[in-house]
$ cat my_file26.cif   # mmCIF, C-alpha atoms and all ligand atoms
data_entry
loop_
_atom_site.group_PDB
_atom_site.id
_atom_site.type_symbol
_atom_site.label_atom_id
_atom_site.label_comp_id
_atom_site.auth_asym_id
_atom_site.auth_seq_id
_atom_site.Cartn_x
_atom_site.Cartn_y
_atom_site.Cartn_z
ATOM 1 C CA MET M 1 84.449 103.966 101.100
ATOM 2 C CA THR M 2 85.577 101.896 98.168
ATOM 3 C CA MET M 3 85.201 103.013 94.570
ATOM 4 C CA ALA M 4 83.210 100.252 92.952
ATOM 5 C CA VAL M 5 80.895 99.521 90.055
ATOM 6 C CA ARG M 6 77.755 97.534 90.698
ATOM 7 C CA LEU M 7 77.791 94.745 88.110
ATOM 8 C CA SER M 8 74.039 94.961 87.613
ATOM 9 C CA ASP M 9 74.551 98.570 86.497
ATOM 10 C CA ILE M 10 76.722 97.551 83.550
ATOM 11 C CA PRO M 11 74.623 97.541 80.363
ATOM 12 C CA ALA M 12 75.142 94.894 77.667
ATOM 13 C CA GLU M 13 76.759 97.450 75.359
ATOM 14 C CA GLY M 14 79.289 98.336 78.026
ATOM 15 C CA LEU M 15 79.873 101.008 80.623
ATOM 16 C CA VAL M 16 82.246 103.902 80.017
ATOM 17 C CA LEU M 17 84.126 105.199 83.041
ATOM 18 C CA ASP M 18 85.762 108.568 82.806
ATOM 19 C CA TYR M 19 86.742 110.024 86.159
ATOM 20 C CA ARG M 20 89.572 110.932 88.511
ATOM 21 C CA HIS M 21 90.300 108.347 91.185
ATOM 22 C CA ASP M 22 90.972 109.623 94.706
ATOM 23 C CA PRO M 23 94.614 108.703 95.442
ATOM 24 C CA GLY M 24 93.855 108.128 99.133
ATOM 25 C CA ARG M 25 91.702 105.149 98.176
ATOM 26 C CA LEU M 26 94.613 103.527 96.356
ATOM 27 C CA GLU M 27 96.968 103.551 99.335
ATOM 28 C CA PRO M 28 98.814 101.568 100.469
ATOM 29 C CA MET M 29 100.204 100.995 96.979
ATOM 30 C CA GLY M 30 103.258 99.058 98.050
ATOM 31 C CA GLU M 31 106.614 99.684 99.605
ATOM 32 C CA GLY M 32 108.177 102.878 98.329
ATOM 33 C CA VAL M 33 105.272 103.650 95.989
ATOM 34 C CA HIS M 34 102.811 106.503 96.513
ATOM 35 C CA VAL M 35 100.192 108.152 94.350
ATOM 36 C CA LEU M 36 100.610 111.916 94.250
ATOM 37 C CA GLU M 37 97.525 113.163 92.426
ATOM 38 C CA PRO M 38 94.084 111.987 91.435
ATOM 39 C CA VAL M 39 94.491 109.261 88.842
ATOM 40 C CA ASP M 40 92.877 109.673 85.426
ATOM 41 C CA VAL M 41 90.731 106.659 84.667
ATOM 42 C CA HIS M 42 89.302 106.041 81.187
ATOM 43 C CA LEU M 43 87.892 102.551 80.972
ATOM 44 C CA THR M 44 85.169 100.655 79.190
ATOM 45 C CA ILE M 45 83.695 97.644 80.955
ATOM 46 C CA THR M 46 81.938 95.160 78.687
ATOM 47 C CA PRO M 47 80.101 92.121 80.043
ATOM 48 C CA GLU M 48 80.887 88.726 78.489
ATOM 49 C CA GLY M 49 78.832 86.144 80.306
ATOM 50 C CA ASP M 50 79.995 86.287 83.913
ATOM 51 C CA ARG M 51 83.277 87.842 82.883
ATOM 52 C CA TYR M 52 83.939 91.491 82.203
ATOM 53 C CA LEU M 53 86.363 92.849 79.665
ATOM 54 C CA ILE M 54 87.954 96.059 80.929
ATOM 55 C CA GLN M 55 89.822 98.146 78.400
ATOM 56 C CA GLY M 56 91.263 101.616 78.325
ATOM 57 C CA GLU M 57 93.900 103.558 80.153
ATOM 58 C CA VAL M 58 94.836 104.663 83.654
ATOM 59 C CA ARG M 59 97.269 107.552 84.138
ATOM 60 C CA GLY M 60 98.796 108.674 87.389
ATOM 61 C CA LEU M 61 101.696 110.562 88.914
ATOM 62 C CA LEU M 62 103.595 108.254 91.234
ATOM 63 C CA GLN M 63 106.345 108.778 93.746
ATOM 64 C CA LEU M 64 108.853 105.937 93.628
ATOM 65 C CA GLU M 65 112.258 105.237 95.138
ATOM 66 C CA CYS M 66 115.454 105.386 93.139
ATOM 67 C CA GLY M 67 116.649 101.807 92.673
ATOM 68 C CA ARG M 68 120.192 102.799 93.637
ATOM 69 C CA CYS M 69 120.091 105.609 96.219
ATOM 70 C CA LEU M 70 116.461 105.490 97.464
ATOM 71 C CA ALA M 71 115.868 109.183 96.696
ATOM 72 C CA SER M 72 112.319 109.860 95.599
ATOM 73 C CA VAL M 73 111.591 109.720 91.900
ATOM 74 C CA ILE M 74 108.448 111.197 90.397
ATOM 75 C CA SER M 75 107.180 109.116 87.545
ATOM 76 C CA ALA M 76 104.201 109.683 85.244
ATOM 77 C CA VAL M 77 102.823 106.194 84.820
ATOM 78 C CA ILE M 78 100.580 105.384 81.881
ATOM 79 C CA ALA M 79 98.894 102.022 82.220
ATOM 80 C CA PRO M 80 97.190 100.706 79.101
ATOM 81 C CA CYS M 81 94.555 98.277 80.366
ATOM 82 C CA ALA M 82 93.235 95.065 78.865
ATOM 83 C CA VAL M 83 91.866 93.103 81.760
ATOM 84 C CA ASP M 84 89.614 90.116 82.084
ATOM 85 C CA ALA M 85 87.601 90.300 85.300
ATOM 86 C CA VAL M 86 86.794 86.756 86.325
ATOM 87 C CA PRO M 87 84.537 85.661 89.181
ATOM 88 C CA LEU M 88 86.606 84.290 92.024
ATOM 89 C CA SER M 89 84.804 80.933 92.144
ATOM 90 C CA GLU M 90 85.514 80.350 88.456
ATOM 91 C CA HIS M 91 89.165 81.037 89.168
ATOM 92 C CA ALA M 92 89.340 78.087 91.570
ATOM 93 C CA SER M 93 87.974 75.633 89.022
ATOM 94 C CA ALA M 94 89.742 77.126 86.005
ATOM 95 C CA ASP M 95 93.003 76.951 87.891
ATOM 96 C CA GLU M 96 92.690 73.179 88.169
ATOM 97 C CA HIS M 97 92.381 72.951 84.429
ATOM 98 C CA GLY M 98 95.174 75.458 83.963
ATOM 99 C CA SER M 99 93.202 77.342 81.360
ATOM 100 C CA LEU M 100 92.527 80.715 82.860
ATOM 101 C CA GLY M 101 94.401 83.202 80.725
ATOM 102 C CA ARG M 102 93.043 84.531 77.468
ATOM 103 C CA GLY M 103 95.897 85.720 75.323
ATOM 104 C CA ASP M 104 97.330 89.054 76.318
ATOM 105 C CA LEU M 105 94.689 89.982 78.856
ATOM 106 C CA ASP M 106 95.586 90.548 82.483
ATOM 107 C CA VAL M 107 93.280 88.792 84.867
ATOM 108 C CA THR M 108 91.644 90.287 87.919
ATOM 109 C CA PHE M 109 89.086 88.650 90.179
ATOM 110 C CA TYR M 110 85.846 89.844 91.573
ATOM 111 C CA SER M 111 83.475 88.361 94.078
ATOM 112 C CA GLY M 112 80.083 89.576 95.077
ATOM 113 C CA PRO M 113 77.917 92.100 93.265
ATOM 114 C CA VAL M 114 80.561 94.768 92.607
ATOM 115 C CA LEU M 115 83.809 95.323 90.780
ATOM 116 C CA ASN M 116 86.315 97.005 93.098
ATOM 117 C CA LEU M 117 87.883 99.855 91.154
ATOM 118 C CA ASP M 118 90.394 100.660 93.899
ATOM 119 C CA ASP M 119 91.995 97.254 93.421
ATOM 120 C CA LEU M 120 91.784 97.412 89.654
ATOM 121 C CA VAL M 121 93.363 100.864 89.319
ATOM 122 C CA ARG M 122 96.052 100.001 91.881
ATOM 123 C CA GLU M 123 96.937 96.742 90.102
ATOM 124 C CA GLN M 124 97.132 98.410 86.715
ATOM 125 C CA LEU M 125 99.374 101.218 87.944
ATOM 126 C CA LEU M 126 101.701 98.804 89.755
ATOM 127 C CA LEU M 127 101.998 96.620 86.657
ATOM 128 C CA ASN M 128 103.370 99.628 84.808
ATOM 129 C CA VAL M 129 105.706 101.059 87.421
ATOM 130 C CA PRO M 130 109.293 101.021 86.105
ATOM 131 C CA MET M 131 111.172 98.096 87.637
ATOM 132 C CA ARG M 132 114.231 100.026 88.767
ATOM 133 C CA PRO M 133 113.592 103.756 88.513
ATOM 134 C CA LEU M 134 116.606 106.036 88.736
ATOM 135 C CA CYS M 135 116.665 109.533 90.250
ATOM 136 C CA ARG M 136 119.028 110.617 87.499
ATOM 137 C CA GLU M 137 121.021 109.172 84.649
ATOM 138 C CA GLY M 138 124.131 107.594 86.163
ATOM 139 C CA CYS M 139 123.035 107.795 89.815
ATOM 140 C CA LEU M 140 126.030 106.703 91.905
ATOM 141 C CA GLY M 141 123.923 104.968 94.530
ATOM 142 C CA LEU M 142 124.813 104.298 98.138
ATOM 143 C CA CYS M 143 128.259 103.261 99.324
ATOM 144 C CA PRO M 144 128.049 99.553 100.079
ATOM 145 C CA SER M 145 130.243 99.888 103.168
ATOM 146 C CA CYS M 146 129.091 103.103 104.900
ATOM 147 C CA GLY M 147 125.719 103.675 103.222
ATOM 148 C CA LYS M 148 126.386 107.303 102.278
ATOM 149 C CA ASN M 149 124.682 108.648 99.190
ATOM 150 C CA ARG M 150 127.570 108.921 96.747
ATOM 151 C CA ASN M 151 125.726 111.491 94.647
ATOM 152 C CA GLU M 152 126.417 113.932 97.501
ATOM 153 C CA GLY M 153 130.157 113.438 97.291
ATOM 154 C CA PRO M 154 132.767 110.821 98.099
ATOM 155 C CA CYS M 155 132.332 109.165 101.486
ATOM 156 C CA GLY M 156 135.965 108.652 102.442
ATOM 157 C CA CYS M 157 135.794 104.886 102.368
ATOM 158 C CA HIS M 158 138.617 103.263 100.499
ATOM 159 C CA ASP M 159 137.430 102.710 97.012
ATOM 160 C CA LEU M 160 136.389 99.122 97.324
ATOM 161 C CA THR M 161 136.208 98.449 93.633
ATOM 162 C CA GLU M 162 134.862 94.967 93.721
ATOM 163 C CA THR M 163 137.753 92.645 93.074
ATOM 164 C CA ASP M 164 136.243 89.977 90.904
ATOM 165 C CA PRO M 165 138.210 86.774 91.539
ATOM 166 C CA ARG M 166 137.966 85.949 87.835
ATOM 167 C CA LEU M 167 139.709 89.231 87.015
ATOM 168 C CA ASP M 168 142.427 88.470 89.532
ATOM 169 C CA ALA M 169 143.025 85.144 87.839
ATOM 170 C CA LEU M 170 143.193 86.915 84.512
ATOM 171 C CA ARG M 171 145.718 89.417 85.859
ATOM 172 C CA ARG M 172 147.863 86.599 87.175
ATOM 173 C CA LEU M 173 147.771 84.933 83.785
ATOM 174 C CA ARG M 174 148.717 88.150 82.049
ATOM 175 C CA GLY M 175 151.565 88.724 84.507
ATOM 176 C CA ARG M 176 152.878 85.267 83.826
ATOM 177 C CA SER M 177 152.820 85.602 80.036
ATOM 178 C CA ASN M 178 154.593 88.993 80.258
ATOM 179 C CA ALA M 179 157.366 87.541 82.387
HETATM 180 ZN ZN ZN M 201 119.483 107.681 92.811
HETATM 181 ZN ZN ZN M 202 131.501 104.732 102.183
#
$ encode --input "my_file26.cif" --output "structure tokens"
Amino acid sequence: MTMAVRLSDIPAEGLVLDYRHDPGRLEPMGEGVHVLEPVDVHLTITPEGDRYLIQGEVRGLLQLECGRCLASVISAVIAPCAVDAVPLSEHASADEHGSLGRGDLDVTFYSGPVLNLDDLVREQLLLNVPMRPLCREGCLGLCPSCGKNRNEGPCGCHDLTETDPRLDALRRLRGRSNA
């Protein structure tokens, strides 16, 4: 069952949400991304015509993959939220006029009588996942030729320090001027 808010239940002064979101309902998050614990959700939803302004914060513990060696990285993600929930039909017409965004607000879409909180919480967490998380400072990554994790020791491949052709040219120049 989806976590959702019935739009007709949102009072004019706004609805405060303060709960822990079941991580199972957020999966699949995306490749290499998993939610480890219930996610803290603190949001206020305020109606503005047929749009809804959603503000607050979502906090979760995520398991990510190291951007270099693919080892798992645990990351506490704090997602400050400022989202404009727009009805899907309005999106289609607003898109034609190219005037959808309102300043710094993220945009999410809803259709039907409910606002899907699974989608909203998932989107907000993913927006705040570090782009290239590292398992440790100075992770050595995987060997490009044999694929071994170089944090576990040298792999025995010849050290294929990338020979940049521009550097080679520079070395040749240097050699010539020294001669
Ligand atoms: Zn790593
Ligand atoms: Zn190797």
$ atom_distance --input "my_file26.cif" --atom1 "atom CA of Gly141 of chain M" --atom2 "atom CA of Cys157 of chain M"
14.2 Å
$ atom_distance --input "my_file26.cif" --atom1 "atom CA of Gly67 of chain M" --atom2 "atom CA of Leu117 of chain M"
28.9 Å
$ resolve_selection --input "my_file26.cif" --expression "the PyMOL selection byres (((chain M and resi 77) around 8) and not hetatm)" --output "list in words"
Arg59, Gly60, Leu61, Leu62, Ser75, Ala76, Ile78, Ala79, Leu125, Asn128 and Val129 of chain M
$ residues_around --input "my_file26.cif" --residues "Ser111 of chain M" --least-positions-apart "3" --cutoff "9 Å" --atoms "only C-alpha atoms" --output "list of chain:residue names"
M:Val86, M:Pro87, M:Leu88, M:Ser89, M:Val114, M:Leu115
$ closest_residue --input "my_file26.cif" --among "M:Cys69, M:Leu126, M:Cys81, M:Met131" --to "ligand ZN 201 (chain M)" --atoms "all atoms listed in the file"
M:Cys69
$ residues_around --input "my_file26.cif" --residues "Leu53 of chain M" --least-positions-apart "6" --cutoff "6 Å" --atoms "all atoms listed in the file" --output "short mmCIF file (atom, residue, chain, number, x, y, z; two decimals) with C-alpha atoms, in the frame of the given file"
data_model
loop_
_atom_site.label_atom_id
_atom_site.label_comp_id
_atom_site.auth_asym_id
_atom_site.auth_seq_id
_atom_site.Cartn_x
_atom_site.Cartn_y
_atom_site.Cartn_z
CA ILE M 45 83.70 97.64 80.96
CA THR M 46 81.94 95.16 78.69
CA VAL M 83 91.87 93.10 81.76
CA ASP M 84 89.61 90.12 82.08
#
$ resolve_selection --input "my_file26.cif" --expression "the PyMOL selection byres (((not hetatm)) within 8 of (chain M and resi 202))" --output "list in words"
Leu142, Cys143, Pro144, Ser145, Cys146, Gly147, Lys148, Arg150, Pro154, Cys155, Gly156, Cys157 and His158 of chain M
$ closest_residue --input "my_file26.cif" --among "M:Glu152, M:Glu31, M:Asp50, M:Glu57" --to "Tyr110 of chain M" --atoms "all atoms listed in the file"
M:Asp50
$ closest_atom_pairs --input "my_file26.cif" --of "chain M" --to "ligand ZN 201 (chain M)" --cutoff "7 Å" --atoms "only C-alpha atoms and all ligand atoms" --output "JSON lines"
{"residue": "M:Cys66", "atom": "CA", "partner": "M:ZN201", "partner_atom": "ZN", "distance": 4.6}
{"residue": "M:Gly67", "atom": "CA", "partner": "M:ZN201", "partner_atom": "ZN", "distance": 6.5}
{"residue": "M:Arg68", "atom": "CA", "partner": "M:ZN201", "partner_atom": "ZN", "distance": 5.0}
{"residue": "M:Cys69", "atom": "CA", "partner": "M:ZN201", "partner_atom": "ZN", "distance": 4.0}
{"residue": "M:Leu70", "atom": "CA", "partner": "M:ZN201", "partner_atom": "ZN", "distance": 6.0}
{"residue": "M:Ala71", "atom": "CA", "partner": "M:ZN201", "partner_atom": "ZN", "distance": 5.5}
{"residue": "M:Leu134", "atom": "CA", "partner": "M:ZN201", "partner_atom": "ZN", "distance": 5.3}
{"residue": "M:Cys135", "atom": "CA", "partner": "M:ZN201", "partner_atom": "ZN", "distance": 4.2}
{"residue": "M:Arg136", "atom": "CA", "partner": "M:ZN201", "partner_atom": "ZN", "distance": 6.1}
{"residue": "M:Cys139", "atom": "CA", "partner": "M:ZN201", "partner_atom": "ZN", "distance": 4.6}
{"residue": "M:Leu140", "atom": "CA", "partner": "M:ZN201", "partner_atom": "ZN", "distance": 6.7}
{"residue": "M:Gly141", "atom": "CA", "partner": "M:ZN201", "partner_atom": "ZN", "distance": 5.5}
$ atom_distance --input "my_file26.cif" --atom1 "atom CA of Met3 of chain M" --atom2 "atom CA of Asp106 of chain M"
20.2 Å
$ resolve_selection --input "my_file26.cif" --expression "the PyMOL selection byres (((chain M and resi 6-18) around 6) and not hetatm)" --output "JSON, numbers by chain"
{"M": [5, 19, 41, 42, 43, 44, 45, 46, 113, 114]}
$ closest_residue --input "my_file26.cif" --among "M:Pro47, M:Asp118, M:Gly30, M:Gly103" --to "Met1 of chain M" --atoms "all atoms listed in the file"
M:Asp118
$ closest_residue --input "my_file26.cif" --among "M:Arg51, M:Asp40, M:Glu123, M:Asn151" --to "Gly138 of chain M" --atoms "all atoms listed in the file"
M:Asn151
$ residues_around --input "my_file26.cif" --residues "Ala85 of chain M" --least-positions-apart "2" --cutoff "6 Å" --atoms "all atoms listed in the file" --output "PyMOL selection string"
chain M and resi 51-52+107-109
$ write_last_selection --input "my_file26.cif" --atoms "C-alpha atoms" --output "PDB file, in the coordinates of the input"
ATOM      1  CA  ARG M  51      83.277  87.842  82.883  1.00  0.00           C
ATOM      2  CA  TYR M  52      83.939  91.491  82.203  1.00  0.00           C
ATOM      3  CA  VAL M 107      93.280  88.792  84.867  1.00  0.00           C
ATOM      4  CA  THR M 108      91.644  90.287  87.919  1.00  0.00           C
ATOM      5  CA  PHE M 109      89.086  88.650  90.179  1.00  0.00           C
TER       6      PHE M 109
END
$ closest_residue --input "my_file26.cif" --among "M:Asn149, M:Val73, M:Val58, M:Ala82" --to "Glu137 of chain M" --atoms "all atoms listed in the file"
M:Val73
$ closest_residue --input "my_file26.cif" --among "M:Asn116, M:Val121, M:Pro80, M:Gly32" --to "Arg20 of chain M" --atoms "all atoms listed in the file"
M:Val121
$ decode --input "my_file26.cif" --residues "segment 140-151 of chain M" --atoms "N, CA and C atoms" --output "short mmCIF file (atom, residue, chain, number, x, y, z; two decimals), in the first residue's frame"
data_model
loop_
_atom_site.label_atom_id
_atom_site.label_comp_id
_atom_site.auth_asym_id
_atom_site.auth_seq_id
_atom_site.Cartn_x
_atom_site.Cartn_y
_atom_site.Cartn_z
N LEU M 140 41.39 4.15 -3.58
CA LEU M 140 42.23 3.90 -4.76
C LEU M 140 41.44 3.35 -5.94
N GLY M 141 40.22 2.92 -5.70
CA GLY M 141 39.37 2.47 -6.79
C GLY M 141 39.77 1.11 -7.33
N LEU M 142 39.17 0.77 -8.46
CA LEU M 142 39.44 -0.53 -9.08
C LEU M 142 40.51 -0.37 -10.15
N CYS M 143 41.33 -1.41 -10.31
CA CYS M 143 42.33 -1.40 -11.38
C CYS M 143 41.60 -1.41 -12.71
N PRO M 144 41.94 -0.48 -13.59
CA PRO M 144 41.23 -0.43 -14.87
C PRO M 144 41.52 -1.63 -15.76
N SER M 145 42.61 -2.35 -15.53
CA SER M 145 42.85 -3.50 -16.41
C SER M 145 42.34 -4.81 -15.83
N CYS M 146 42.54 -5.08 -14.52
CA CYS M 146 42.08 -6.38 -14.01
C CYS M 146 40.84 -6.26 -13.12
N GLY M 147 40.49 -5.05 -12.72
CA GLY M 147 39.26 -4.88 -11.94
C GLY M 147 39.42 -5.13 -10.46
N LYS M 148 40.62 -5.44 -9.99
CA LYS M 148 40.81 -5.68 -8.56
C LYS M 148 40.68 -4.38 -7.77
N ASN M 149 40.14 -4.52 -6.56
CA ASN M 149 40.01 -3.38 -5.67
C ASN M 149 41.40 -3.02 -5.14
N ARG M 150 41.90 -1.88 -5.55
CA ARG M 150 43.28 -1.53 -5.19
C ARG M 150 43.44 -1.08 -3.75
N ASN M 151 42.32 -0.92 -3.04
CA ASN M 151 42.41 -0.64 -1.61
C ASN M 151 42.88 -1.88 -0.85
#
